[in-house]
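Heads up, coords04.txt below (compact mmCIF, N, CA and C atoms):
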# COMPACT_ATOMS: atom_id res chain seq x y z
N MET A 667 63.28 107.70 119.57
CA MET A 667 62.98 107.91 120.99
C MET A 667 63.84 106.96 121.83
N GLU A 668 64.38 107.47 122.87
CA GLU A 668 65.21 106.69 123.78
C GLU A 668 64.30 105.85 124.67
N THR A 669 64.65 104.59 124.88
CA THR A 669 63.79 103.73 125.68
C THR A 669 64.24 103.71 127.13
N ALA A 670 63.34 103.22 127.99
CA ALA A 670 63.63 103.12 129.43
C ALA A 670 64.80 102.19 129.68
N ARG A 671 64.95 101.17 128.84
CA ARG A 671 66.04 100.24 129.05
C ARG A 671 67.41 100.90 128.94
N GLU A 672 67.48 101.97 128.15
CA GLU A 672 68.75 102.67 128.01
C GLU A 672 69.02 103.62 129.17
N THR A 673 67.97 104.08 129.84
CA THR A 673 68.09 105.11 130.86
C THR A 673 68.85 104.66 132.11
N PRO A 674 68.53 103.52 132.75
CA PRO A 674 69.19 103.19 134.00
C PRO A 674 70.71 103.16 133.92
N ALA A 675 71.27 102.80 132.80
CA ALA A 675 72.72 102.76 132.66
C ALA A 675 73.31 104.16 132.79
N LYS A 676 72.54 105.19 132.45
CA LYS A 676 73.02 106.56 132.52
C LYS A 676 73.10 107.06 133.96
N ILE A 677 72.24 106.57 134.82
CA ILE A 677 72.17 107.08 136.18
C ILE A 677 73.21 106.38 137.03
N LYS A 678 74.22 107.13 137.37
CA LYS A 678 75.27 106.63 138.24
C LYS A 678 74.90 107.02 139.66
N PRO A 679 74.77 106.07 140.56
CA PRO A 679 74.32 106.41 141.90
C PRO A 679 75.13 107.53 142.54
N HIS A 680 76.43 107.49 142.42
CA HIS A 680 77.20 108.50 143.10
C HIS A 680 78.69 108.39 142.76
N PRO A 681 79.15 109.23 141.86
CA PRO A 681 80.59 109.25 141.60
C PRO A 681 81.25 110.00 142.75
N TYR A 682 82.10 109.35 143.47
CA TYR A 682 82.70 109.95 144.66
C TYR A 682 84.03 109.28 144.94
N GLU A 683 84.78 109.90 145.79
CA GLU A 683 86.00 109.29 146.31
C GLU A 683 85.60 108.54 147.57
N PRO A 684 85.97 107.28 147.70
CA PRO A 684 85.63 106.55 148.93
C PRO A 684 86.17 107.29 150.15
N TYR A 685 85.37 107.31 151.19
CA TYR A 685 85.76 108.01 152.40
C TYR A 685 86.89 107.26 153.10
N GLN A 686 87.92 107.98 153.45
CA GLN A 686 89.06 107.40 154.17
C GLN A 686 89.03 107.93 155.60
N PRO A 687 88.55 107.13 156.55
CA PRO A 687 88.49 107.62 157.93
C PRO A 687 89.89 107.84 158.50
N LYS A 688 89.98 108.87 159.29
CA LYS A 688 91.25 109.16 159.95
C LYS A 688 91.40 108.22 161.15
N GLU A 689 92.63 107.98 161.52
CA GLU A 689 92.89 107.08 162.64
C GLU A 689 92.18 107.60 163.89
N GLY A 690 91.41 106.72 164.51
CA GLY A 690 90.69 107.07 165.73
C GLY A 690 89.40 107.86 165.50
N GLU A 691 89.03 108.06 164.23
CA GLU A 691 87.81 108.83 163.93
C GLU A 691 86.58 108.04 164.35
N GLU A 692 85.68 108.72 164.99
CA GLU A 692 84.44 108.10 165.46
C GLU A 692 83.53 107.78 164.27
N TYR A 693 82.83 106.65 164.37
CA TYR A 693 81.88 106.25 163.32
C TYR A 693 80.77 107.28 163.22
N MET A 694 80.42 107.64 162.01
CA MET A 694 79.42 108.64 161.67
C MET A 694 79.75 109.99 162.29
N SER A 695 81.01 110.36 162.10
CA SER A 695 81.47 111.70 162.50
C SER A 695 80.81 112.74 161.59
N LYS A 696 81.00 114.00 161.92
CA LYS A 696 80.43 115.07 161.08
C LYS A 696 80.94 114.97 159.65
N ALA A 697 82.23 114.67 159.49
CA ALA A 697 82.81 114.55 158.15
C ALA A 697 82.19 113.39 157.38
N GLN A 698 81.97 112.27 158.04
CA GLN A 698 81.36 111.11 157.39
C GLN A 698 79.91 111.42 157.00
N LEU A 699 79.17 112.04 157.91
CA LEU A 699 77.78 112.39 157.61
C LEU A 699 77.71 113.36 156.43
N GLU A 700 78.63 114.31 156.38
CA GLU A 700 78.66 115.26 155.27
C GLU A 700 78.99 114.53 153.96
N HIS A 701 79.90 113.57 154.01
CA HIS A 701 80.25 112.75 152.84
C HIS A 701 79.00 112.07 152.28
N PHE A 702 78.22 111.45 153.15
CA PHE A 702 77.03 110.74 152.70
C PHE A 702 75.92 111.71 152.29
N ARG A 703 75.82 112.84 152.95
CA ARG A 703 74.82 113.84 152.56
C ARG A 703 75.10 114.29 151.12
N LYS A 704 76.37 114.55 150.80
CA LYS A 704 76.72 114.97 149.44
C LYS A 704 76.39 113.89 148.42
N ILE A 705 76.70 112.65 148.75
CA ILE A 705 76.39 111.53 147.84
C ILE A 705 74.90 111.46 147.58
N LEU A 706 74.11 111.52 148.66
CA LEU A 706 72.66 111.40 148.54
C LEU A 706 72.05 112.57 147.77
N LEU A 707 72.51 113.78 148.06
CA LEU A 707 71.97 114.95 147.36
C LEU A 707 72.33 114.94 145.88
N ALA A 708 73.55 114.52 145.55
CA ALA A 708 73.95 114.45 144.14
C ALA A 708 73.12 113.39 143.41
N TRP A 709 72.91 112.27 144.05
CA TRP A 709 72.13 111.19 143.46
C TRP A 709 70.69 111.65 143.22
N LYS A 710 70.11 112.33 144.22
CA LYS A 710 68.74 112.83 144.09
C LYS A 710 68.64 113.85 142.95
N ALA A 711 69.62 114.74 142.86
CA ALA A 711 69.60 115.75 141.80
C ALA A 711 69.65 115.09 140.43
N GLN A 712 70.47 114.05 140.31
CA GLN A 712 70.59 113.34 139.04
C GLN A 712 69.26 112.66 138.68
N LEU A 713 68.61 112.07 139.67
CA LEU A 713 67.32 111.42 139.41
C LEU A 713 66.26 112.45 139.03
N MET A 714 66.27 113.60 139.68
CA MET A 714 65.29 114.65 139.37
C MET A 714 65.51 115.18 137.95
N GLU A 715 66.76 115.31 137.53
CA GLU A 715 67.04 115.73 136.16
C GLU A 715 66.48 114.72 135.17
N GLU A 716 66.60 113.45 135.50
CA GLU A 716 66.08 112.40 134.63
C GLU A 716 64.56 112.47 134.53
N VAL A 717 63.89 112.78 135.63
CA VAL A 717 62.43 112.95 135.62
C VAL A 717 62.06 114.09 134.70
N ASP A 718 62.75 115.22 134.83
CA ASP A 718 62.46 116.38 133.97
C ASP A 718 62.71 116.05 132.50
N ARG A 719 63.81 115.34 132.23
CA ARG A 719 64.13 114.96 130.86
C ARG A 719 63.02 114.09 130.28
N THR A 720 62.55 113.14 131.06
CA THR A 720 61.49 112.25 130.59
C THR A 720 60.22 113.02 130.29
N LEU A 721 59.86 113.92 131.19
CA LEU A 721 58.64 114.72 130.98
C LEU A 721 58.72 115.51 129.69
N HIS A 722 59.83 116.20 129.48
CA HIS A 722 60.00 116.99 128.25
C HIS A 722 60.03 116.10 127.01
N GLN A 723 60.70 114.97 127.12
CA GLN A 723 60.80 114.07 125.98
C GLN A 723 59.42 113.52 125.62
N MET A 724 58.64 113.14 126.62
CA MET A 724 57.32 112.59 126.33
C MET A 724 56.40 113.65 125.73
N GLN A 725 56.52 114.89 126.21
CA GLN A 725 55.71 115.97 125.65
C GLN A 725 56.11 116.24 124.20
N ASN A 726 57.41 116.21 123.93
CA ASN A 726 57.89 116.48 122.57
C ASN A 726 57.59 115.32 121.62
N ASP A 727 57.66 114.10 122.12
CA ASP A 727 57.49 112.93 121.26
C ASP A 727 56.03 112.50 121.10
N ALA A 728 55.16 113.07 121.90
CA ALA A 728 53.76 112.66 121.83
C ALA A 728 53.20 112.99 120.45
N ALA A 729 52.70 111.98 119.80
CA ALA A 729 52.12 112.16 118.47
C ALA A 729 50.95 111.19 118.33
N ASN A 730 50.01 111.59 117.56
CA ASN A 730 48.86 110.73 117.31
C ASN A 730 49.10 110.03 115.97
N PHE A 731 49.79 108.90 116.04
CA PHE A 731 50.11 108.16 114.82
C PHE A 731 48.86 107.53 114.23
N PRO A 732 48.66 107.68 112.93
CA PRO A 732 47.51 107.04 112.31
C PRO A 732 47.67 105.52 112.26
N ASP A 733 48.90 105.06 112.19
CA ASP A 733 49.14 103.62 112.10
C ASP A 733 49.08 103.01 113.51
N PRO A 734 48.21 102.01 113.72
CA PRO A 734 48.07 101.40 115.05
C PRO A 734 49.37 100.79 115.58
N THR A 735 50.20 100.28 114.69
CA THR A 735 51.46 99.68 115.12
C THR A 735 52.41 100.74 115.67
N ASP A 736 52.49 101.87 114.97
CA ASP A 736 53.33 102.97 115.45
C ASP A 736 52.82 103.51 116.78
N ARG A 737 51.51 103.63 116.89
CA ARG A 737 50.90 104.13 118.13
C ARG A 737 51.17 103.16 119.28
N ALA A 738 51.06 101.86 119.01
CA ALA A 738 51.33 100.85 120.05
C ALA A 738 52.79 100.86 120.48
N THR A 739 53.68 101.06 119.52
CA THR A 739 55.11 101.14 119.84
C THR A 739 55.39 102.33 120.74
N GLN A 740 54.82 103.47 120.39
CA GLN A 740 55.02 104.67 121.21
C GLN A 740 54.44 104.47 122.62
N GLU A 741 53.26 103.90 122.71
CA GLU A 741 52.64 103.68 124.02
C GLU A 741 53.47 102.71 124.85
N SER A 742 54.03 101.70 124.21
CA SER A 742 54.88 100.75 124.91
C SER A 742 56.15 101.43 125.44
N GLU A 743 56.75 102.27 124.61
CA GLU A 743 57.95 103.01 125.03
C GLU A 743 57.63 103.95 126.19
N PHE A 744 56.50 104.64 126.10
CA PHE A 744 56.08 105.54 127.19
C PHE A 744 55.84 104.74 128.47
N SER A 745 55.23 103.58 128.33
CA SER A 745 54.96 102.75 129.49
C SER A 745 56.25 102.31 130.19
N LEU A 746 57.22 101.88 129.40
CA LEU A 746 58.52 101.50 129.97
C LEU A 746 59.19 102.68 130.66
N GLU A 747 59.12 103.82 130.03
CA GLU A 747 59.72 105.03 130.59
C GLU A 747 59.04 105.40 131.91
N LEU A 748 57.72 105.31 131.95
CA LEU A 748 56.99 105.65 133.17
C LEU A 748 57.28 104.65 134.29
N ARG A 749 57.44 103.39 133.96
CA ARG A 749 57.80 102.40 134.99
C ARG A 749 59.17 102.70 135.58
N ALA A 750 60.10 103.07 134.72
CA ALA A 750 61.44 103.43 135.20
C ALA A 750 61.36 104.65 136.11
N ARG A 751 60.57 105.64 135.72
CA ARG A 751 60.42 106.84 136.55
C ARG A 751 59.75 106.50 137.88
N ASP A 752 58.82 105.56 137.88
CA ASP A 752 58.17 105.16 139.13
C ASP A 752 59.19 104.53 140.09
N ARG A 753 60.07 103.69 139.56
CA ARG A 753 61.12 103.10 140.40
C ARG A 753 62.03 104.21 140.95
N GLU A 754 62.34 105.18 140.11
CA GLU A 754 63.18 106.29 140.55
C GLU A 754 62.46 107.15 141.59
N ARG A 755 61.15 107.31 141.45
CA ARG A 755 60.37 108.07 142.44
C ARG A 755 60.47 107.39 143.81
N LYS A 756 60.39 106.06 143.81
CA LYS A 756 60.52 105.32 145.06
C LYS A 756 61.93 105.47 145.63
N LEU A 757 62.92 105.50 144.75
CA LEU A 757 64.29 105.67 145.19
C LEU A 757 64.50 107.07 145.77
N ILE A 758 63.91 108.07 145.17
CA ILE A 758 64.00 109.44 145.69
C ILE A 758 63.41 109.49 147.10
N LYS A 759 62.32 108.78 147.31
CA LYS A 759 61.72 108.72 148.66
C LYS A 759 62.71 108.10 149.65
N LYS A 760 63.38 107.03 149.24
CA LYS A 760 64.38 106.40 150.12
C LYS A 760 65.55 107.34 150.39
N ILE A 761 65.95 108.10 149.38
CA ILE A 761 67.03 109.07 149.56
C ILE A 761 66.60 110.14 150.57
N ASP A 762 65.36 110.63 150.43
CA ASP A 762 64.86 111.63 151.38
C ASP A 762 64.83 111.06 152.80
N GLU A 763 64.44 109.80 152.93
CA GLU A 763 64.42 109.16 154.26
C GLU A 763 65.84 109.04 154.82
N ALA A 764 66.81 108.72 153.96
CA ALA A 764 68.20 108.62 154.42
C ALA A 764 68.71 110.00 154.86
N LEU A 765 68.37 111.04 154.13
CA LEU A 765 68.76 112.40 154.52
C LEU A 765 68.14 112.78 155.86
N GLU A 766 66.91 112.35 156.07
CA GLU A 766 66.25 112.61 157.36
C GLU A 766 66.97 111.86 158.49
N ARG A 767 67.41 110.63 158.23
CA ARG A 767 68.15 109.87 159.25
C ARG A 767 69.48 110.54 159.56
N ILE A 768 70.09 111.18 158.57
CA ILE A 768 71.32 111.94 158.84
C ILE A 768 71.02 113.06 159.82
N GLU A 769 69.91 113.76 159.59
CA GLU A 769 69.53 114.88 160.46
C GLU A 769 69.20 114.42 161.89
N THR A 770 68.60 113.25 162.02
CA THR A 770 68.20 112.78 163.35
C THR A 770 69.29 111.98 164.05
N GLY A 771 70.40 111.73 163.36
CA GLY A 771 71.50 110.98 163.97
C GLY A 771 71.34 109.48 163.92
N GLU A 772 70.37 108.99 163.14
CA GLU A 772 70.13 107.55 163.04
C GLU A 772 70.83 106.92 161.84
N TYR A 773 71.38 107.74 160.96
CA TYR A 773 71.99 107.23 159.74
C TYR A 773 73.23 106.41 160.07
N GLY A 774 73.37 105.29 159.35
CA GLY A 774 74.56 104.47 159.51
C GLY A 774 74.41 103.34 160.51
N TYR A 775 73.26 103.29 161.17
CA TYR A 775 73.02 102.24 162.16
C TYR A 775 71.83 101.39 161.72
N CYS A 776 71.96 100.09 161.93
CA CYS A 776 70.92 99.13 161.52
C CYS A 776 69.63 99.41 162.27
N GLU A 777 68.53 99.53 161.53
CA GLU A 777 67.24 99.78 162.16
C GLU A 777 66.70 98.53 162.86
N THR A 778 67.27 97.37 162.56
CA THR A 778 66.82 96.13 163.17
C THR A 778 67.56 95.83 164.46
N CYS A 779 68.90 95.88 164.42
CA CYS A 779 69.68 95.47 165.59
C CYS A 779 70.51 96.59 166.20
N GLY A 780 70.65 97.72 165.51
CA GLY A 780 71.35 98.88 166.05
C GLY A 780 72.85 98.92 165.84
N VAL A 781 73.43 97.91 165.19
CA VAL A 781 74.89 97.93 164.98
C VAL A 781 75.23 98.84 163.80
N GLU A 782 76.50 99.16 163.67
CA GLU A 782 76.97 99.99 162.57
C GLU A 782 76.78 99.25 161.25
N ILE A 783 76.25 99.94 160.26
CA ILE A 783 76.08 99.35 158.93
C ILE A 783 77.42 99.24 158.24
N GLY A 784 78.27 100.22 158.42
CA GLY A 784 79.61 100.21 157.83
C GLY A 784 79.74 101.18 156.67
N LEU A 785 80.89 101.83 156.60
CA LEU A 785 81.12 102.84 155.57
C LEU A 785 81.04 102.27 154.16
N ARG A 786 81.67 101.15 153.92
CA ARG A 786 81.72 100.59 152.56
C ARG A 786 80.33 100.14 152.11
N ARG A 787 79.55 99.55 152.99
CA ARG A 787 78.18 99.15 152.63
C ARG A 787 77.36 100.39 152.31
N LEU A 788 77.50 101.44 153.10
CA LEU A 788 76.75 102.66 152.85
C LEU A 788 77.21 103.35 151.56
N GLU A 789 78.48 103.24 151.24
CA GLU A 789 78.93 103.82 149.98
C GLU A 789 78.38 103.02 148.80
N ALA A 790 78.25 101.71 148.97
CA ALA A 790 77.68 100.87 147.91
C ALA A 790 76.18 101.10 147.79
N ARG A 791 75.53 101.29 148.93
CA ARG A 791 74.08 101.50 148.97
C ARG A 791 73.77 102.56 150.03
N PRO A 792 73.84 103.84 149.65
CA PRO A 792 73.68 104.91 150.63
C PRO A 792 72.31 104.95 151.33
N THR A 793 71.32 104.27 150.77
CA THR A 793 69.99 104.25 151.39
C THR A 793 69.80 103.05 152.31
N ALA A 794 70.85 102.26 152.53
CA ALA A 794 70.73 101.05 153.35
C ALA A 794 70.25 101.40 154.76
N THR A 795 69.36 100.56 155.28
CA THR A 795 68.85 100.77 156.64
C THR A 795 69.19 99.59 157.55
N GLN A 796 69.78 98.56 156.97
CA GLN A 796 70.12 97.37 157.75
C GLN A 796 71.57 96.97 157.52
N CYS A 797 72.16 96.37 158.56
CA CYS A 797 73.50 95.80 158.40
C CYS A 797 73.37 94.58 157.47
N ILE A 798 74.48 94.10 156.98
CA ILE A 798 74.46 93.00 156.02
C ILE A 798 73.86 91.74 156.63
N ASP A 799 74.12 91.49 157.91
CA ASP A 799 73.58 90.29 158.55
C ASP A 799 72.05 90.32 158.62
N CYS A 800 71.49 91.43 159.09
CA CYS A 800 70.03 91.54 159.19
C CYS A 800 69.38 91.52 157.81
N LYS A 801 70.01 92.15 156.83
CA LYS A 801 69.46 92.16 155.47
C LYS A 801 69.46 90.75 154.89
N THR A 802 70.53 89.99 155.15
CA THR A 802 70.62 88.61 154.66
C THR A 802 69.51 87.76 155.28
N VAL A 803 69.31 87.89 156.58
CA VAL A 803 68.24 87.14 157.27
C VAL A 803 66.88 87.52 156.69
N GLU A 804 66.65 88.82 156.48
CA GLU A 804 65.38 89.28 155.91
C GLU A 804 65.14 88.68 154.53
N GLU A 805 66.18 88.67 153.70
CA GLU A 805 66.05 88.12 152.35
C GLU A 805 65.80 86.62 152.38
N LEU A 806 66.44 85.91 153.32
CA LEU A 806 66.18 84.47 153.46
C LEU A 806 64.74 84.21 153.86
N ARG A 807 64.23 85.02 154.79
CA ARG A 807 62.82 84.88 155.20
C ARG A 807 61.89 85.13 154.03
N GLU A 808 62.16 86.19 153.27
CA GLU A 808 61.33 86.50 152.11
C GLU A 808 61.36 85.37 151.11
N LYS A 809 62.53 84.79 150.90
CA LYS A 809 62.65 83.67 149.96
C LYS A 809 61.85 82.48 150.45
N GLN A 810 61.94 82.18 151.75
CA GLN A 810 61.20 81.05 152.30
C GLN A 810 59.69 81.28 152.24
N MET A 811 59.27 82.50 152.50
CA MET A 811 57.84 82.82 152.45
C MET A 811 57.32 82.73 151.01
N GLY A 812 58.16 83.09 150.07
CA GLY A 812 57.78 83.04 148.67
C GLY A 812 57.65 81.61 148.15
N GLN A 813 58.38 80.68 148.76
CA GLN A 813 58.32 79.30 148.32
C GLN A 813 57.23 78.51 149.03
N ALA A 814 56.67 79.08 150.08
CA ALA A 814 55.64 78.36 150.85
C ALA A 814 54.34 78.27 150.12

Rewrite the coordinates I just gave you, this time as structure tokens.
Amino acid sequence: METARETPAKIKPHPYEPYQPKEGEEYMSKAQLEHFRKILLAWKAQLMEEVDRTLHQMQNDAANFPDPTDRATQESEFSLELRARDRERKLIKKIDEALERIETGEYGYCETCGVEIGLRRLEARPTATQCIDCKTVEELREKQMGQA
């Protein structure tokens, strides 16, 4: 049985050609939005395939082992697999939210300060909702709150 630890390496967020803006092209033009829509939809499809694969694999591998050690091993593997799928479920939700922001015209702009997030940051993390500066400040606050 394949374990959850092996699965994340298989999921490539988005194999794509980096977007090359044309000279004078407006930020978040139709072409740029379509570029990110394709990335997000491909990523979501890949995650959904992984969910289906896991479901079928767990149904096929489910066995009632008489040996408690074998049963515990299988339950542990299923647990790891389910945790990985839960993280992916949350990621699918973020992808859906990013697709919604594309539709509403909010995609690509920081939800905190309103500045452009930037093409390269969005290509690295298509679900980003904050510019690098606001995200850095947020992470510093979280770190300080965690140490208090």

With all atoms listed in the file as the counted atoms, please give the residues lying no more than 8 Å from Arg703 of chain A, apart from itself and same-chain residues fewer than 6 positions off, as a PDB file with N, CA and C atoms, keeping the file's coordinate frame.
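Output file selection_32.pdb follows:
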ATOM      1  N   ALA A 697      82.230 114.670 159.490  1.00  0.00           N
ATOM      2  CA  ALA A 697      82.810 114.550 158.150  1.00  0.00           C
ATOM      3  C   ALA A 697      82.190 113.390 157.380  1.00  0.00           C
ATOM      4  N   TRP A 709      72.910 112.270 144.050  1.00  0.00           N
ATOM      5  CA  TRP A 709      72.130 111.190 143.460  1.00  0.00           C
ATOM      6  C   TRP A 709      70.690 111.650 143.220  1.00  0.00           C
ATOM      7  N   ALA A 764      66.810 108.720 153.960  1.00  0.00           N
ATOM      8  CA  ALA A 764      68.200 108.620 154.420  1.00  0.00           C
ATOM      9  C   ALA A 764      68.710 110.000 154.860  1.00  0.00           C
ATOM     10  N   LEU A 765      68.370 111.040 154.130  1.00  0.00           N
ATOM     11  CA  LEU A 765      68.760 112.400 154.520  1.00  0.00           C
ATOM     12  C   LEU A 765      68.140 112.780 155.860  1.00  0.00           C
ATOM     13  N   ILE A 768      70.090 111.180 158.570  1.00  0.00           N
ATOM     14  CA  ILE A 768      71.320 111.940 158.840  1.00  0.00           C
ATOM     15  C   ILE A 768      71.020 113.060 159.820  1.00  0.00           C
TER      16      ILE A 768
END

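What separates atom C of Arg753 of chain A from atom N of Arg787 of chain A is a distance of 21.8 Å.
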
Would you return as a PyMOL selection string the members of segment 687-813 of chain A that DSSP assigns to helix (DSSP H, G or I) on this structure's backbone? chain A and resi 696-727+734-770+785-790+798-813

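The list of residues with at least one atom within 8 Å of segment 714-720 of chain A, based on only C-alpha atoms and without residues fewer than 4 positions apart in the same chain, reads A:Lys710, A:Met724, A:Glu747, A:Arg751.
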
For a quick check of understanding, using only N, CA and C atoms, which of A:Glu689, A:Phe702, A:Phe731, A:Glu805 has the smallest distance to Leu788 of chain A?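 Once distances to Leu788 of chain A are computed over only N, CA and C atoms, the minimum belongs to A:Phe702.
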
One number please: atom C of Thr793 of chain A to atom C of Glu763 of chain A, in Å, one decimal.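 Interatomic distance, atom C of Thr793 of chain A to atom C of Glu763 of chain A: 7.6 Å.
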
Computed interatomic separation between atom N of Lys759 of chain A and atom CA of Gly780 of chain A (Å):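 We find that atom N of Lys759 of chain A and atom CA of Gly780 of chain A lie 23.0 Å from each other.
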
Go through A:Glu691, A:Glu754, A:Glu683, A:Glu772 and flag the residue nearest Ile705 of chain A, using only C-alpha atoms for the distances.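 With only C-alpha atoms as the atom set, the closest residue is A:Glu683.
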
Can you pull out every residue within 10 Å of Cys797 of chain A, counting only C-alpha atoms, but drop anything in the same chain fewer than 2 positions away, and send it as a PyMOL selection string? chain A and resi 774-784+787-788+794-795+799-802
